[in-house]
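Remarks on the structure that follows.
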Amino acid sequence: MARILITSAIPYINGIKHLGNLVGSQLPADLYARYQRGRGNEVMFLCATDEHGTPAELAAAKAGKPVAEYCADMYEIQADIAKRFGMSFDHFGRSSSEQNKKLTQHFAGKLDEAGLIREVTEKQIYSNADGRFLPDRYIEGTCPNCGYENARGDQCENCTKQLDPTDLIEPRSAISGSTDLEVRETKHLYLRQSAMKDQLDAWIDSKTDWPILTTSIAKKWLHDGDGLQDRGITRDLDWGVPVKKGDQDWPGMEGKVFYVWFDAPIEYIACAKEWADSTGKPDSEWERWWRTDKGADDVRYVQFMGKDNVPFHTLSFPATILGSGEPWKMVDHLKSFNYLNYDGGQFSTSQGRGVFMDQALEILPADYWRWWLLSHAPESSDSEFTWENFQQSVNKDLADVLGNFVSRITKFCRSKFGEVVPEGGDFGERENALIDELTKRVRAYEAHMEAMDVRKSAQELRAIWVAGNEYLQAAAPWSTFKEDPKQAAAQVRLGLNLIRFYAVLSAPFIPYTSAKMLSAINTLDTSWPEDVAAALNALPAGHDFTVPDVLFAKITDEQREEWQAKFAGKRG
Ligand SMILES: [Zn+2]
């Protein structure tokens, strides 16, 4: 039995995510986790909310709540939606957890011991009215280059010129609008990533099985221009992990917190400890996934993320882990995704454009979305959601192919043999040909799933469903029954066994429907079809079943038009 550690990029806390976010990490990670469990492997699947930083503070202020309360509420909402989409996390944690606080401080202490932290005194803008330092992007003013009045302290979005906050004419706080600003000196910690360049370079060179896209992004950051830069890991904020060296105070850093980019990925590890703590397990249980000196040396670690997160996962987080000098498990494979666009434009959280996770579940069950999103995953290039394509895919793949197959065979059996797997007859040439074809296709499906080729896996699964439909069409037990009821019984028996077979193979994509199919066919046998012929004899003659309700309702043109209009603009 293989052991597989899976993490999905952790979603930021400030709001409900759209379907583009979902298909970029959590959903394909869930597909892979469910598949590996289905194959009998031991899986640890972790995700969490990313809770620190200024955007969370501002979102909380907007919602009129203290930031800790805001994050706790949003965590519950995100956890609930993820659950309703079928995310089979072993644990869904929080980067604001006590476990992550301790571990983040631990890593900072180790990095300092290794001489990889330096202190830098900087000048930064302080807002007297807000009583805080302002990050560059929270200072606004007039662009000295083009005169645009709402330029941000890091960049003018009108002329795209990179700016320093002190370049702005009449600068003001983007939080309060106050112009009572002053420049103050403040001290920050920097992680000396530049000192780790060769070590990171060698580590990436050792990853010969990584996609070129991934290694080339990492190499670019390592070598372009002045090479890998040191990065600030602290901020003058209230909300975050207090700066400490392990459990010791850090002189001169009182009242400061670690920058969110530093503590967020450490939550991948802390999340496992949260899991152990919440289920009353000893530390050895989570450490066997994360510490190569404590049992994790045979773990395969796979990360799922959007392409914008690749530099972060190939350089920044590895710098933290490698720099600690401790034997933590490093990533073995990164699976990254391009973007999903929405109906001729982009999904936009700020403009409320597109379908958000909560809205999606209000109009259709999770499996409809899971199937479309995964079968159109933005792998080799960006992909686009359109309502026409969604309607077509649901109606053809799910309703006409899979749903129709299950409905036809169960109803026909009930009418001629009752709700029981019929006995008599033998498999002949046609049945053996089907078994041969399905054997080839199941092996191909397994290979695509192992390789995390999401679209190819979906195509193969669909072809497996189609093969059953075509068999049923050609065998036509409703005609056979008139001349040779025994032969029709064998055909129906095969068809009913295909329902269990499909339920097992399809569970990673459409887990809710898979459960319905297994319930209708009245079995708890979810064993993987290592031997397809044996799998298609799993339900013996005499086994009871019930005809299920319609598995997938077709999307009508009226519904499609209504939804298209509803989601075109600002979310209401
Ligand atoms: Zn400008």
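Labels for the structure tokens follow display order: chains A, B, ..., residues from 1 in each chain, ligands from 1.
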
inquiry  = Report as a PyMOL selection string all protein, DNA and RNA residues lying within 9 Å of segment 115-120 of chain A, evaluated on only C-alpha atoms, omitting residues in the same chain fewer than 6 positions from it.
reply    = chain A and resi 108+186-193+195-196+232+323-324

Those residues with all heavy atoms, as a compact mmCIF listing (two decimals), in the first residue's frame please?
# COMPACT_ATOMS: atom_id res chain seq x y z
N ALA A 108 11.00 30.00 12.07
CA ALA A 108 11.74 31.27 12.08
C ALA A 108 12.97 31.14 12.98
O ALA A 108 14.06 31.62 12.63
CB ALA A 108 10.83 32.40 12.57
N THR A 186 11.20 51.58 10.54
CA THR A 186 10.72 50.35 11.16
C THR A 186 11.66 49.22 10.77
O THR A 186 12.30 49.27 9.73
CB THR A 186 9.26 50.04 10.74
OG1 THR A 186 8.85 48.84 11.38
CG2 THR A 186 9.13 49.89 9.23
N LYS A 187 11.75 48.22 11.65
CA LYS A 187 12.71 47.14 11.42
C LYS A 187 11.97 45.87 10.99
O LYS A 187 10.92 45.54 11.55
CB LYS A 187 13.47 46.87 12.73
CG LYS A 187 14.76 46.13 12.54
CD LYS A 187 15.70 46.31 13.72
CE LYS A 187 15.24 45.54 14.94
NZ LYS A 187 16.24 45.54 16.02
N HIS A 188 12.52 45.19 10.01
CA HIS A 188 11.89 43.95 9.54
C HIS A 188 12.91 42.83 9.35
O HIS A 188 14.10 43.08 9.20
CB HIS A 188 11.11 44.19 8.24
CG HIS A 188 9.81 44.87 8.50
ND1 HIS A 188 8.80 44.28 9.23
CD2 HIS A 188 9.37 46.12 8.19
CE1 HIS A 188 7.79 45.13 9.33
NE2 HIS A 188 8.10 46.25 8.72
N LEU A 189 12.40 41.63 9.37
CA LEU A 189 13.24 40.45 9.13
C LEU A 189 13.12 40.03 7.67
O LEU A 189 12.03 40.03 7.11
CB LEU A 189 12.79 39.28 10.01
CG LEU A 189 12.78 39.52 11.52
CD1 LEU A 189 12.32 38.26 12.25
CD2 LEU A 189 14.16 39.95 12.02
N TYR A 190 14.27 39.67 7.09
CA TYR A 190 14.31 39.17 5.72
C TYR A 190 14.85 37.75 5.71
O TYR A 190 15.82 37.46 6.40
CB TYR A 190 15.20 40.06 4.84
CG TYR A 190 14.46 41.23 4.25
CD1 TYR A 190 13.97 42.24 5.08
CD2 TYR A 190 14.22 41.31 2.88
CE1 TYR A 190 13.27 43.31 4.54
CE2 TYR A 190 13.53 42.38 2.33
CZ TYR A 190 13.05 43.38 3.17
OH TYR A 190 12.35 44.42 2.64
N LEU A 191 14.22 36.90 4.92
CA LEU A 191 14.74 35.55 4.72
C LEU A 191 15.77 35.62 3.59
O LEU A 191 15.47 36.10 2.50
CB LEU A 191 13.60 34.59 4.35
CG LEU A 191 14.00 33.15 4.03
CD1 LEU A 191 14.71 32.48 5.22
CD2 LEU A 191 12.77 32.32 3.64
N ARG A 192 16.98 35.14 3.88
CA ARG A 192 18.08 35.26 2.91
C ARG A 192 17.97 34.18 1.83
O ARG A 192 18.80 33.27 1.76
CB ARG A 192 19.42 35.21 3.63
CG ARG A 192 19.62 36.39 4.58
CD ARG A 192 20.94 36.29 5.33
NE ARG A 192 22.06 36.21 4.39
CZ ARG A 192 23.13 35.42 4.54
NH1 ARG A 192 23.21 34.63 5.59
NH2 ARG A 192 24.10 35.41 3.65
N GLN A 193 16.95 34.31 1.02
CA GLN A 193 16.74 33.33 -0.06
C GLN A 193 17.93 33.31 -1.01
O GLN A 193 18.26 32.26 -1.57
CB GLN A 193 15.46 33.64 -0.84
CG GLN A 193 14.21 33.53 0.00
CD GLN A 193 12.93 33.64 -0.83
OE1 GLN A 193 11.96 32.96 -0.57
NE2 GLN A 193 12.91 34.50 -1.82
N ALA A 195 20.96 33.42 -0.37
CA ALA A 195 22.01 32.53 0.13
C ALA A 195 21.67 31.07 -0.12
O ALA A 195 22.52 30.18 0.02
CB ALA A 195 22.21 32.76 1.63
N MET A 196 20.42 30.80 -0.47
CA MET A 196 19.99 29.41 -0.67
C MET A 196 19.82 29.07 -2.14
O MET A 196 19.33 27.99 -2.49
CB MET A 196 18.67 29.19 0.05
CG MET A 196 18.82 29.43 1.54
SD MET A 196 17.34 28.95 2.36
CE MET A 196 17.34 27.23 1.93
N GLY A 232 11.15 39.92 2.66
CA GLY A 232 10.68 40.32 3.99
C GLY A 232 9.70 39.30 4.51
O GLY A 232 8.81 38.84 3.77
N GLY A 323 15.95 25.48 4.59
CA GLY A 323 16.74 26.35 5.45
C GLY A 323 16.70 25.96 6.91
O GLY A 323 17.63 26.24 7.67
N SER A 324 15.64 25.29 7.31
CA SER A 324 15.51 24.88 8.72
C SER A 324 16.55 23.82 9.08
O SER A 324 16.86 23.62 10.25
CB SER A 324 14.10 24.33 8.99
OG SER A 324 13.98 23.02 8.44

inquiry  = Please return, as JSON, numbers by chain, all residues of segment 90-158 of chain A that DSSP assigns to helix (DSSP H, G or I) on the basis of the backbone.
reply    = {"A": [98, 99, 100, 101, 102, 103, 104, 105, 106, 107, 108, 109, 110, 111, 112, 113, 136, 137, 138]}

key: Shell of 9 Å around Val442 of chain A, only C-alpha atoms, local chain residues under 2 positions omitted, as a ChimeraX atom specification   = /A:437-440,444-447,460-461,464,505,529-530,532

task = Taking only C-alpha atoms and all ligand atoms into account, report as a list of chain:residue names which residues have an atom no farther than 6 Å from an atom of ligand 1.
result = A:Cys143, A:Asn145, A:Cys146, A:Gly147, A:Tyr148, A:Cys156, A:Asn158, A:Cys159, A:Lys161

query = Can you tell me, as a list in words, what residues are no more than 9 Å from Glu170 of chain A when counting only C-alpha atoms, ignoring any on the same chain fewer than 6 positions away?
reply =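 Residues near the query, excluding close chain neighbours: Glu140, Gly141, Thr142 and Thr179 of chain A.
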
key: Nearest to Gly246 of chain A by atom-to-atom distance, counting only C-alpha atoms, from A:Trp478, A:Trp290, A:Phe133, A:Phe107   =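 That would be A:Phe107, the residue with the smallest distance to Gly246 of chain A.
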
Distance of atom CA of Phe45 of chain A from atom CA of Leu322 of chain A, expressed in Å to one decimal place =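 Atom CA of Leu322 of chain A sits 22.6 Å away from atom CA of Phe45 of chain A.
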
request  = Quick one: pull the distance between atom CA of Lys416 of chain A and atom CA of Asn497 of chain A, Å, one decimal.
outcome  = 17.1 Å

key: Nearest to Asp277 of chain A by atom-to-atom distance, counting only C-alpha atoms, from A:Glu98, A:Asp400, A:Asp332, A:Asp557   =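 Of A:Glu98, A:Asp400, A:Asp332, A:Asp557, the one nearest Asp277 of chain A is A:Glu98, counting only C-alpha atoms.
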